[in-house]
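*Asks:* Here you go, one structure.
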Amino acid sequence: MARRGGNKTPSTGQVKFIEPDLSESRLLEEAQPLFKWEPVNNATKYVITLRAKSGNLALVDELSPEQTAYRPPTPLERGNDYTLTIEVVREGLSTLRGTLRFEVISADDLHDLRVARANMQKHPEASGVVFYRLQRYKEALTAFEVAQQRNPQDPEIQRIVERLRELIR
């Protein structure tokens with residue numbers, strides 16, 4: 001079973017991303033997210049490329065070696081998949097790359113997520129299902145734990161709580 005819910009952002013390549021945290025879900029709520037990475041020794045510049053899966057959007061930007069954070073200049077389109085690539089140009093050394101793949105949550109799913117959060121205490125089971133569907137496993141666990149406190153003898157809720165605990169371990 002895949003382990004989820006850590007505090008690390010999975011990185012592909014030689015650049016270590018710090019933010020956003022994609023360990024649990026690659027769905028980002030923020031349409032204009034902030035990307036942070038660890039500085040790379042001997043970097044002379046960072047070349048940032050942000051592409052939509054559809055190929056319609058390609059932003060390219062250059063940052064100085066002191067800058068280890070990037071925010072797109074305009075909000076990204078909700079519901080689209082994106083790839084952020086950072087090329088680290090280094091003096092006298094080979095170029096390093098890091099890639100991060102993510103999706104900006106759709107407007108409908110963002111609405112569902114906000115409603116689930118607002119109603120978690122009142123309707124924990126329904127909220128838990130929404131959180132699970134949107135890969136918010138820690139929030140799903142919290143919601144089903146609330147449901148379990150209200151219905152401690154319900155075997156279905158108990159099974160769901162156990163499964164979620166295994167999933168985010």
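Chain labels run A, B, ... following the order of the structure tokens; each chain numbers its residues from 1, and ligands are numbered from 1 in the order shown.
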Within 12 Å of Gly55 of chain A, counting only C-alpha atoms, which residues show up once you throw out same-chain ones fewer than 6 positions away? Write them as a VMD selection string, please.
*Replies:* chain A and resid 80 to 83
*Asks:* Check segment 84-118 of chain A with DSSP on the backbone and list each residue it calls alpha helix (DSSP H), as a list in words.
*Replies:*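 Checking each residue of segment 84-118 of chain A, the alpha helix (DSSP H) ones are Ala107, Asp108, Asp109, Leu110, His111, Asp112, Leu113, Arg114, Val115, Ala116, Arg117 and Ala118 of chain A.
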*Asks:* Nearest to Leu93 of chain A among A:Ala43, A:Tyr137, A:Val161, A:Arg26, with distances taken over only C-alpha atoms: which residue is it?
*Replies:*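 Closest to Leu93 of chain A, using only C-alpha atoms: A:Ala43.
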*Asks:* Could you check the closest approach to Arg117 of chain A for each of A:Leu84, A:Ile157, A:Ala140, A:Leu59 and tell me which residue wins, using only C-alpha atoms?
*Replies:* A:Ala140
*Asks:* Which residue, A:Ser64, A:Asn42, A:Thr142, A:Ser54, has the smallest gap to Val129 of chain A when you use only C-alpha atoms?
*Replies:*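 Looking only at the distances to Val129 of chain A, the closest residue turns out to be A:Thr142.
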*Asks:* Skipping near chain neighbours, those fewer than 4 positions away, what residues fall within 8 Å of segment 74-76 of chain A using only C-alpha atoms, listed as an mmCIF file with C-alpha atoms, in the first residue's frame?
*Replies:*
```cif
data_model
loop_
_atom_site.group_PDB
_atom_site.id
_atom_site.type_symbol
_atom_site.label_atom_id
_atom_site.label_comp_id
_atom_site.auth_asym_id
_atom_site.auth_seq_id
_atom_site.Cartn_x
_atom_site.Cartn_y
_atom_site.Cartn_z
ATOM 1 C CA ALA A 31 -4.458 29.173 -8.315
ATOM 2 C CA GLN A 32 -1.324 31.281 -7.907
ATOM 3 C CA VAL A 104 -4.942 23.271 -9.766
#
```
*Asks:* Mind giving me the straight-line distance from atom CA of Glu29 of chain A to atom CA of Ile105 of chain A in Å, one decimal?
*Replies:*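 Separation between atom CA of Glu29 of chain A and atom CA of Ile105 of chain A: 5.5 Å.
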